[in-house]
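Below is protein.cif, holding mmCIF, C-alpha atoms and all ligand atoms.
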```cif
data_data
#
loop_
_atom_site.label_atom_id
_atom_site.label_comp_id
_atom_site.auth_asym_id
_atom_site.auth_seq_id
_atom_site.Cartn_x
_atom_site.Cartn_y
_atom_site.Cartn_z
CA MET A 23 -16.75 -5.94 -18.22
CA LYS A 24 -16.04 -4.26 -21.54
CA LEU A 25 -13.28 -1.67 -21.36
CA GLU A 26 -14.49 0.68 -24.05
CA SER A 27 -13.10 3.88 -22.58
CA LEU A 28 -10.22 5.14 -20.46
CA GLU A 29 -12.79 6.14 -17.86
CA THR A 30 -14.01 2.56 -17.52
CA LEU A 31 -10.44 1.36 -17.12
CA TYR A 32 -9.75 4.14 -14.60
CA VAL A 33 -12.70 3.09 -12.43
CA GLU A 34 -11.67 -0.58 -12.65
CA GLU A 35 -8.14 0.26 -11.57
CA LEU A 36 -9.46 2.43 -8.71
CA ARG A 37 -11.54 -0.55 -7.55
CA ASP A 38 -8.46 -2.73 -7.66
CA ILE A 39 -6.53 -0.29 -5.45
CA TYR A 40 -9.52 0.12 -3.16
CA ASN A 41 -9.55 -3.60 -2.57
CA ALA A 42 -5.75 -3.66 -2.19
CA GLU A 43 -5.86 -0.96 0.50
CA ASN A 44 -8.59 -2.80 2.37
CA GLN A 45 -6.59 -6.02 2.31
CA LEU A 46 -3.66 -4.06 3.70
CA LEU A 47 -5.81 -2.62 6.49
CA LYS A 48 -6.23 -6.18 7.77
CA ALA A 49 -2.61 -7.21 7.24
CA LEU A 50 -0.77 -4.25 8.82
CA PRO A 51 -1.84 -4.92 12.44
CA LYS A 52 -0.52 -8.48 12.06
CA MET A 53 2.75 -7.19 10.63
CA ALA A 54 3.07 -4.70 13.50
CA LYS A 55 2.49 -7.54 15.94
CA ALA A 56 5.08 -9.73 14.25
CA ALA A 57 7.78 -7.03 14.16
CA SER A 58 10.38 -7.18 16.95
CA SER A 59 11.96 -3.77 16.47
CA PRO A 60 9.87 -1.08 18.23
CA GLU A 61 10.68 1.34 15.38
CA LEU A 62 9.42 -1.12 12.79
CA LYS A 63 6.26 -1.78 14.85
CA GLN A 64 5.72 1.98 14.95
CA ALA A 65 6.29 2.31 11.20
CA PHE A 66 3.62 -0.33 10.50
CA GLU A 67 1.21 1.29 12.97
CA ASP A 68 1.74 4.72 11.40
CA HIS A 69 1.19 3.30 7.95
CA LEU A 70 -2.04 1.68 9.14
CA GLU A 71 -3.32 5.16 10.02
CA GLN A 72 -2.23 6.47 6.63
CA THR A 73 -3.89 3.53 4.92
CA GLU A 74 -7.20 4.47 6.55
CA GLU A 75 -6.77 7.90 4.96
CA HIS A 76 -5.98 6.30 1.60
CA VAL A 77 -9.26 4.41 1.73
CA ALA A 78 -11.11 7.61 2.73
CA ARG A 79 -9.59 9.46 -0.27
CA LEU A 80 -10.73 6.69 -2.60
CA ASP A 81 -14.22 6.81 -1.04
CA GLU A 82 -14.29 10.53 -1.81
CA ILE A 83 -13.25 9.93 -5.43
CA PHE A 84 -15.88 7.20 -5.91
CA GLY A 85 -18.49 9.44 -4.30
CA LYS A 86 -17.83 12.18 -6.85
CA LEU A 87 -17.86 9.67 -9.72
CA ASP A 88 -21.11 8.28 -8.33
CA LYS A 89 -19.73 4.72 -8.64
CA LYS A 90 -19.39 1.98 -6.08
CA PRO A 91 -15.83 1.15 -4.96
CA THR A 92 -16.33 -2.56 -4.35
CA GLY A 93 -16.51 -5.55 -6.66
CA LYS A 94 -12.89 -6.31 -7.46
CA THR A 95 -10.24 -8.46 -5.76
CA CYS A 96 -6.65 -7.34 -6.12
CA GLN A 97 -4.85 -10.63 -6.75
CA ALA A 98 -1.44 -8.97 -6.63
CA MET A 99 -1.98 -7.63 -3.10
CA LYS A 100 -3.33 -11.02 -2.07
CA GLY A 101 -0.06 -12.63 -3.19
CA LEU A 102 2.15 -9.96 -1.65
CA ILE A 103 0.37 -10.29 1.69
CA GLU A 104 0.64 -14.07 1.48
CA GLU A 105 4.40 -13.76 1.09
CA GLY A 106 4.45 -11.44 4.10
CA SER A 107 2.57 -13.97 6.21
CA GLU A 108 4.96 -16.74 5.18
CA MET A 109 7.66 -14.55 6.72
CA MET A 110 5.64 -14.20 9.92
CA ASN A 111 5.35 -17.98 10.21
CA HIS A 112 9.10 -18.55 10.06
CA ASP A 113 11.18 -19.25 13.15
CA GLY A 114 14.45 -17.42 13.44
CA GLU A 115 16.52 -14.51 14.63
CA GLU A 116 14.40 -11.43 15.38
CA VAL A 117 16.49 -9.05 13.28
CA VAL A 118 16.51 -11.42 10.33
CA LEU A 119 12.73 -11.83 10.46
CA ASP A 120 12.34 -8.05 10.73
CA ALA A 121 14.50 -7.64 7.63
CA GLY A 122 12.23 -10.13 5.85
CA LEU A 123 9.09 -8.30 6.99
CA ILE A 124 10.50 -5.03 5.66
CA ALA A 125 11.26 -6.66 2.32
CA ALA A 126 7.65 -7.88 2.07
CA ALA A 127 6.29 -4.47 3.09
CA GLN A 128 8.44 -2.64 0.54
CA LYS A 129 7.09 -4.85 -2.23
CA VAL A 130 3.61 -3.80 -1.14
CA GLU A 131 4.59 -0.11 -1.20
CA HIS A 132 6.14 -0.39 -4.65
CA TYR A 133 3.04 -2.11 -5.98
CA GLU A 134 0.88 0.69 -4.57
CA MET A 135 3.23 3.34 -5.98
CA ALA A 136 2.93 1.82 -9.45
CA SER A 137 -0.87 1.73 -9.21
CA TYR A 138 -1.27 5.23 -7.80
CA GLY A 139 1.13 6.68 -10.38
CA THR A 140 -0.99 5.15 -13.12
CA VAL A 141 -4.40 6.29 -11.83
CA ARG A 142 -3.04 9.75 -10.98
CA THR A 143 -1.93 10.14 -14.62
CA TRP A 144 -5.24 8.81 -15.96
CA ALA A 145 -7.15 11.19 -13.66
CA GLU A 146 -5.15 14.10 -15.12
CA MET A 147 -5.87 12.92 -18.68
CA LEU A 148 -9.58 12.63 -17.89
CA GLY A 149 -9.65 16.15 -16.42
CA GLU A 150 -10.37 14.79 -12.92
CA ASP A 151 -8.13 17.35 -11.22
CA ASP A 152 -9.39 16.91 -7.65
CA ALA A 153 -8.98 13.15 -7.90
CA ALA A 154 -5.48 13.56 -9.40
CA GLU A 155 -4.52 15.71 -6.41
CA LEU A 156 -5.85 13.18 -3.87
CA LEU A 157 -4.13 10.30 -5.66
CA GLN A 158 -0.85 12.25 -5.69
CA GLN A 159 -1.12 12.77 -1.91
CA THR A 160 -1.46 9.03 -1.39
CA LEU A 161 1.38 8.35 -3.84
CA ASP A 162 3.57 10.68 -1.73
CA ASP A 163 2.60 8.80 1.48
CA GLU A 164 3.52 5.46 -0.09
CA GLY A 165 6.85 6.86 -1.25
CA GLU A 166 7.67 8.25 2.19
CA THR A 167 6.78 4.95 3.82
CA ASP A 168 9.05 3.15 1.39
CA LYS A 169 11.94 5.47 2.27
CA ARG A 170 11.35 5.04 6.00
CA LEU A 171 11.41 1.26 5.53
CA THR A 172 14.67 1.49 3.59
CA GLU A 173 16.24 3.41 6.49
CA LEU A 174 14.97 0.87 9.02
CA ALA A 175 16.23 -1.99 6.87
CA GLU A 176 19.70 -0.46 6.79
CA GLU A 177 19.75 -0.08 10.58
CA ILE A 178 18.41 -3.57 11.16
CA VAL A 179 20.70 -5.27 8.67
CA ASN A 180 23.67 -3.35 10.15
CA VAL A 181 22.83 -4.67 13.62
CA GLU A 182 22.68 -8.18 12.23
CA ALA A 183 25.93 -7.79 10.32
CA ALA A 184 27.65 -6.45 13.45
CA ALA A 185 26.30 -9.38 15.50
CA GLY A 186 27.74 -11.77 12.93
CA ASP A 187 31.27 -10.40 13.29
FE FE B 1 -1.91 2.93 0.73
FE FE B 2 0.96 1.59 1.51
#
```

Structure re-expressed in structure tokens:
Amino acid sequence: MKLESLETLYVEELRDIYNAENQLLKALPKMAKAASSPELKQAFEDHLEQTEEHVARLDEIFGKLDKKPTGKTCQAMKGLIEEGSEMMNHDGEEVVLDAGLIAAAQKVEHYEMASYGTVRTWAEMLGEDDAAELLQQTLDDEGETDKRLTELAEEIVNVEAAAGD
């Protein structure tokens, strides 16, 4: 594909995120299952629901652009999810594995935040105001999820540190 315009690049990047979100839809239930902490399980389940909304927002954007959302594989998300599943296959202390799961999930959130920040800005530059608004909403969701995971990590790592005393 020749990237002769910002719009072409914008659509390509949207397809990348679309694929990333769909990969995540399959991974989050497994991460919820693997989590020991009920709060962490809940956080993954809540983010699964949000992720469904993220996909729906992208569908809306593609609908208005009259383009198809499929056709790209997000290699970065593939790798990030792979690292997450390595964590799930480890044996070990529950709290330690939870801390590892959170680390993997936060890398996913940061990747999504970088992507959504980029496409939100491109949408603004292209005069796609409705799309920019939708992408900002998703960016906010990803940011809130990241913060919630940071809080959980602090609690979980504190429990582990206390147990080690
Ligand atoms: Fe998302
Ligand atoms: Fe996310």

>> ligand FE 1 (chain B): which residues are within 6 Å, counting all atoms listed in the file? Reply as a list of chain:residue names.
In response: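 Within the 6 Å cut-off, the matching residues are A:Glu43, A:Thr73, A:His76.
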
> Could you list, as a PyMOL selection string, all the residues within 12 Å of ligand FE 2 (chain B), counting all atoms listed in the file?
Replying inline: chain A and resi 39-40+42-47+49-50+65-77+99+103+126-138+159-171

Got time to write the residues from that selection, C-alpha atoms, as a JSON list (two decimals), in the coordinates of the input?
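That gives us selection_1.json:
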```json
[["chain", "number", "residue", "atom", "x", "y", "z"],
["A", 39, "ILE", "CA", -6.53, -0.29, -5.45],
["A", 40, "TYR", "CA", -9.52, 0.12, -3.16],
["A", 42, "ALA", "CA", -5.75, -3.66, -2.19],
["A", 43, "GLU", "CA", -5.86, -0.96, 0.50],
["A", 44, "ASN", "CA", -8.59, -2.80, 2.37],
["A", 45, "GLN", "CA", -6.59, -6.02, 2.31],
["A", 46, "LEU", "CA", -3.66, -4.06, 3.70],
["A", 47, "LEU", "CA", -5.81, -2.62, 6.49],
["A", 49, "ALA", "CA", -2.61, -7.21, 7.24],
["A", 50, "LEU", "CA", -0.77, -4.25, 8.82],
["A", 65, "ALA", "CA", 6.29, 2.31, 11.20],
["A", 66, "PHE", "CA", 3.62, -0.33, 10.50],
["A", 67, "GLU", "CA", 1.21, 1.29, 12.97],
["A", 68, "ASP", "CA", 1.74, 4.72, 11.40],
["A", 69, "HIS", "CA", 1.19, 3.30, 7.95],
["A", 70, "LEU", "CA", -2.04, 1.68, 9.14],
["A", 71, "GLU", "CA", -3.32, 5.16, 10.02],
["A", 72, "GLN", "CA", -2.23, 6.47, 6.63],
["A", 73, "THR", "CA", -3.89, 3.53, 4.92],
["A", 74, "GLU", "CA", -7.20, 4.47, 6.55],
["A", 75, "GLU", "CA", -6.77, 7.90, 4.96],
["A", 76, "HIS", "CA", -5.98, 6.30, 1.60],
["A", 77, "VAL", "CA", -9.26, 4.41, 1.73],
["A", 99, "MET", "CA", -1.98, -7.63, -3.10],
["A", 103, "ILE", "CA", 0.37, -10.29, 1.69],
["A", 126, "ALA", "CA", 7.65, -7.88, 2.07],
["A", 127, "ALA", "CA", 6.29, -4.47, 3.09],
["A", 128, "GLN", "CA", 8.44, -2.64, 0.54],
["A", 129, "LYS", "CA", 7.09, -4.85, -2.23],
["A", 130, "VAL", "CA", 3.61, -3.80, -1.14],
["A", 131, "GLU", "CA", 4.59, -0.11, -1.20],
["A", 132, "HIS", "CA", 6.14, -0.39, -4.65],
["A", 133, "TYR", "CA", 3.04, -2.11, -5.98],
["A", 134, "GLU", "CA", 0.88, 0.69, -4.57],
["A", 135, "MET", "CA", 3.23, 3.34, -5.98],
["A", 136, "ALA", "CA", 2.93, 1.82, -9.45],
["A", 137, "SER", "CA", -0.87, 1.73, -9.21],
["A", 138, "TYR", "CA", -1.27, 5.23, -7.80],
["A", 159, "GLN", "CA", -1.12, 12.77, -1.91],
["A", 160, "THR", "CA", -1.46, 9.03, -1.39],
["A", 161, "LEU", "CA", 1.38, 8.35, -3.84],
["A", 162, "ASP", "CA", 3.57, 10.68, -1.73],
["A", 163, "ASP", "CA", 2.60, 8.80, 1.48],
["A", 164, "GLU", "CA", 3.52, 5.46, -0.09],
["A", 165, "GLY", "CA", 6.85, 6.86, -1.25],
["A", 166, "GLU", "CA", 7.67, 8.25, 2.19],
["A", 167, "THR", "CA", 6.78, 4.95, 3.82],
["A", 168, "ASP", "CA", 9.05, 3.15, 1.39],
["A", 169, "LYS", "CA", 11.94, 5.47, 2.27],
["A", 170, "ARG", "CA", 11.35, 5.04, 6.00],
["A", 171, "LEU", "CA", 11.41, 1.26, 5.53]]
```

>> For a test of reading the model, state the distance in Å between CA of Glu108 in chain A and CA of Ala121 in chain A, rounded to one decimal.
In response: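 That distance, rounded to one decimal, is 13.4 Å.
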
>> Counting all atoms listed in the file, which residues have an atom no more than 9 Å from (1.9, -13.3, 7.0) in the file's coordinates? Please list them as a VMD selection string.
In response: chain A and resid 49 52 to 53 56 103 to 111 123

Would you output that residue set with C-alpha atoms, as a compact mmCIF listing (two decimals), in the coordinates of the input?
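The result, stored in again-v3.txt:
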```
# COMPACT_ATOMS: atom_id res chain seq x y z
CA ALA A 49 -2.61 -7.21 7.24
CA LYS A 52 -0.52 -8.48 12.06
CA MET A 53 2.75 -7.19 10.63
CA ALA A 56 5.08 -9.73 14.25
CA ILE A 103 0.37 -10.29 1.69
CA GLU A 104 0.64 -14.07 1.48
CA GLU A 105 4.40 -13.76 1.09
CA GLY A 106 4.45 -11.44 4.10
CA SER A 107 2.57 -13.97 6.21
CA GLU A 108 4.96 -16.74 5.18
CA MET A 109 7.66 -14.55 6.72
CA MET A 110 5.64 -14.20 9.92
CA ASN A 111 5.35 -17.98 10.21
CA LEU A 123 9.09 -8.30 6.99
```

>> What's the separation between CA of Glu61 in chain A and CA of Ile124 in chain A, in Å to one decimal place?
In response: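 A separation of 11.6 Å between them.
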
Range 29-67 of chain A near range 85-88 of chain A within 12 Å: what's each residue's closest atom pair and its distance in Å to one decimal, counting only C-alpha atoms, ordered by chain then ascending residue number, as JSON lines?
```
{"residue": "A:Glu29", "atom": "CA", "partner": "A:Leu87", "partner_atom": "CA", "distance": 10.2}
{"residue": "A:Thr30", "atom": "CA", "partner": "A:Leu87", "partner_atom": "CA", "distance": 11.2}
{"residue": "A:Tyr32", "atom": "CA", "partner": "A:Leu87", "partner_atom": "CA", "distance": 11.0}
{"residue": "A:Val33", "atom": "CA", "partner": "A:Leu87", "partner_atom": "CA", "distance": 8.8}
{"residue": "A:Leu36", "atom": "CA", "partner": "A:Leu87", "partner_atom": "CA", "distance": 11.1}
```

>> Using Å and a single decimal, report how far CA of Lys24 in chain A sits from CA of Ala153 in chain A.
In response: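 About the pair CA of Ala153 in chain A and CA of Lys24 in chain A: they are 23.2 Å apart.
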
>> With distances taken over all atoms listed in the file, which residue among A:Leu102, A:Leu31, A:Leu62, A:Leu148 lies nearest Glu116 in chain A?
In response: A:Leu62

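With only C-alpha atoms as the atoms that count, the minimum distance from Lys100 in chain A to the choices A:Arg79, A:Arg142, A:Lys48, A:Arg37 is reached by A:Lys48.
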
Might I get the box with edges along x, y and z of the file that holds all atoms of range 182-186 of chain A listed there, padded by 8 Å on every side, given as centre and edge lengths in Å to one decimal, as lines of an AutoDock Vina configuration file?
```
center_x = 25.2
center_y = -9.1
center_z = 12.9
size_x = 21.1
size_y = 21.3
size_z = 21.2
```

>> Under the rule that all atoms listed in the file are counted, which of A:Glu173, A:Glu182, A:Asp152, A:Glu82 is the nearest residue to Val118 in chain A?
In response: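 That would be A:Glu182, the residue with the smallest distance to Val118 in chain A.
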
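Distances to Glu34 in chain A were evaluated for A:Ala57, A:Glu115, A:Gly122, A:Thr92 using all atoms listed in the file, and the minimum falls at A:Thr92.
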
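Nearest-residue note for Leu156 in chain A: choosing from A:Leu80, A:Asp113, A:Lys89, A:Thr140, the minimum distance belongs to A:Leu80, counting all atoms listed in the file.
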
>> Which residue is closest to Ala154 in chain A? Choose from A:Ser58, A:Ala98, A:Ala183, A:Ile83 and count all atoms listed in the file.
In response: A:Ile83

> Counting all atoms listed in the file, what is within 8 Å of Ile178 in chain A, bar same-chain residues fewer than 2 positions away, as a list in words?
Replying inline: Val117, Asp120, Ala121, Leu174, Ala175, Glu176, Asn180, Val181 and Glu182 of chain A
